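Visitor: Here it is: the structure, laid out below.
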Amino acid sequence: MFIRASVNHFIKCNSELRVMSRRVAKKYGVCRLRVALDAMICCTVYGTIYTEYEAMDFLHRSRENRKTYVTVFWLIRQLAKYNDAEQGKIFRDKRRFNSMFAPFVRRQYLNLDKTPEDEVERFIKNNKKVVMKSSGGCSGKQVHVISTEGMTVGDFLKYAREHSYDLTEVVIENCEEIKRLNPTSLNTIRIVTVHSENVFRVMVACLRIGAVGADVDNVSSGGTVARIDKETGKLDTTFRVNAFRQLPGSQAGRDEIGMQIPYWNEAVEMIKEASKVLDKIHVIGWDVAITPDGPILIEGNESFNTASMELYYDNTQPGLKAEFEEAFALIDKDIYQQ
């Protein structure tokens, strides 16, 4: 049961519950009160937040089926056990992450609050376009590609301050096979792993592509996801998104089933090595870009969206909770057998 979490969620997200229940009730022609009450019950019993309830169509899932899903509050409970809070802070600061995982990041970047102006000037002269980021941003927010042509170093730093950017990076290009899916955004692979010193498991993987014309591939910004078969590295679903949250330009429904992700084995091997960097972090959602020269690490997320992991199952198919519990049992054995 998730009583405390559900109470806090109701207090903080009451307006979200009202909007969500109205949408779901209208779509399916059911009583809005029924939807709202069911969503609150699912939050309390299964740990399902309201947006997740909507995205995963929990309204039409049986009680037994609901039990099989990795939900937000259930995952948060596991993360509190398997991820060290202090080491977890590294993933919430892109500057610290880039430094800690430099062998896998493999791209030029500048911390704008520390880098001398002459070095910033050389950077913008050598790069006609750059990525601007807030080091603490998430879900693709405060990530934009800008042109530096005609900009002085003063203009550039003023722009960064006005928009709360403290990190700039070179623009990464996807390999042609992935770039063609959406050439304006960096399209990335999300790979969720459970790992310890002697255990490494890829739990789920998906390819995200941006909406037409978008800078980023995040679902919250109009992006869509297709699942990757963990063994073969091939797409095995169409691109999907929560229909209620679909934004203009979305490529939901696009069919690239059977497409081979280039450098798939290399990407998994890279993540396996990256997972060894921090000894007290055991669950991560890694974001990987496939470039013409191979995979590079964009960022890691010690807290991440659950819906995109299980968006692919209809209301008769079980979710991934049993697979996660099996992996966690191996982690427990590995950690505590010492």
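Labels used: A, B, ... for chains in the order of the structure tokens, numbers from 1 for residues in each chain, and numbers from 1 for ligands as shown.
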So which residues of segment 182-314 of chain A fall under strand (DSSP E or B) by DSSP, listed as number ranges by chain?
Guide: A: 188-195, 200-209, 224-228, 234-235, 240, 260, 281, 283-291, 294-301
Visitor: I'd like the neighbourhood of Ala25 of chain A as a list of chain:residue names, where a residue qualifies if any of its atoms comes within 10 Å (using only C-alpha atoms), though same-chain residues fewer than 5 positions away should be ignored.
Guide: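 In the requested form, the answer reads A:Met20, A:Val30, A:Cys31, A:Arg32, A:Leu33, A:Arg34, A:Val35, A:Ala36, A:Leu59.
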Visitor: Excluding Val216 of chain A and its own-chain neighbours fewer than 5 positions away, which residues fall within 12 Å of it when counting only C-alpha atoms? Please give them as a PDB file with C-alpha atoms, in the first residue's frame.
Guide:
ATOM      1  CA  VAL A 131      23.283  22.991 -27.223  1.00  0.00           C
ATOM      2  CA  MET A 132      22.295  25.124 -24.238  1.00  0.00           C
ATOM      3  CA  LYS A 133      21.290  23.375 -21.018  1.00  0.00           C
ATOM      4  CA  CYS A 138      14.853  17.367 -16.639  1.00  0.00           C
ATOM      5  CA  SER A 139      12.407  15.926 -19.209  1.00  0.00           C
ATOM      6  CA  GLY A 140      14.059  17.902 -21.989  1.00  0.00           C
ATOM      7  CA  LYS A 141      13.111  21.223 -20.410  1.00  0.00           C
ATOM      8  CA  GLN A 142      15.714  23.979 -20.707  1.00  0.00           C
ATOM      9  CA  VAL A 143      17.507  22.186 -23.518  1.00  0.00           C
ATOM     10  CA  HIS A 144      17.749  24.133 -26.787  1.00  0.00           C
ATOM     11  CA  VAL A 145      19.947  24.318 -29.839  1.00  0.00           C
ATOM     12  CA  VAL A 171      25.690  19.543 -31.152  1.00  0.00           C
ATOM     13  CA  ILE A 172      25.568  15.756 -31.461  1.00  0.00           C
ATOM     14  CA  ASN A 182      13.497  13.028 -37.166  1.00  0.00           C
ATOM     15  CA  PRO A 183      16.411  15.172 -38.357  1.00  0.00           C
ATOM     16  CA  THR A 184      15.763  18.191 -36.106  1.00  0.00           C
ATOM     17  CA  SER A 185      16.116  16.414 -32.751  1.00  0.00           C
ATOM     18  CA  LEU A 186      18.774  14.249 -31.203  1.00  0.00           C
ATOM     19  CA  ASN A 187      16.927  10.927 -31.046  1.00  0.00           C
ATOM     20  CA  THR A 188      18.085   8.841 -28.106  1.00  0.00           C
ATOM     21  CA  ARG A 208      12.691   7.992 -28.674  1.00  0.00           C
ATOM     22  CA  ILE A 209      12.190  10.351 -31.609  1.00  0.00           C
ATOM     23  CA  GLY A 210      11.143  13.971 -31.486  1.00  0.00           C
ATOM     24  CA  ALA A 211       8.028  15.558 -32.910  1.00  0.00           C
ATOM     25  CA  SER A 221       7.734  17.697 -25.551  1.00  0.00           C
ATOM     26  CA  GLY A 222       5.848  15.702 -28.191  1.00  0.00           C
ATOM     27  CA  GLY A 223       8.253  12.810 -28.683  1.00  0.00           C
ATOM     28  CA  THR A 224       7.235   9.184 -29.151  1.00  0.00           C
ATOM     29  CA  SER A 250       3.871  13.800 -32.878  1.00  0.00           C
TER      30      SER A 250
END
Visitor: Name the closest residue to Val192 of chain A among the candidates A:Glu119, A:Asp287, A:Glu273, A:Glu149; distances are taken between atoms, counting only C-alpha atoms.
Guide: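 Under the stated criterion, the closest residue is A:Asp287.
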Visitor: Using only C-alpha atoms, I'd like a table of the residues in segment 265-297 of chain A that come within 9 Å of segment 94-104 of chain A; for each, show the closest atom pair and its distance in Å rounded to one decimal, ordered by chain and ascending number, as a Markdown table.
Guide:
| residue | atom | partner | partner_atom | distance |
| --- | --- | --- | --- | --- |
| A:Met270 | CA | A:Phe104 | CA | 7.2 |
| A:Ile271 | CA | A:Phe104 | CA | 8.5 |
| A:Glu273 | CA | A:Phe104 | CA | 8.8 |
| A:Ala274 | CA | A:Phe101 | CA | 7.1 |
| A:Val277 | CA | A:Phe101 | CA | 7.5 |
| A:Pro295 | CA | A:Phe104 | CA | 8.6 |
| A:Ile296 | CA | A:Phe104 | CA | 5.8 |
| A:Leu297 | CA | A:Phe104 | CA | 5.4 |
Visitor: Using Å and a single decimal, report how far atom CA of Val202 of chain A sits from atom CA of Gln260 of chain A.
Guide: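 Going from atom CA of Gln260 of chain A over to atom CA of Val202 of chain A, I get 17.4 Å.
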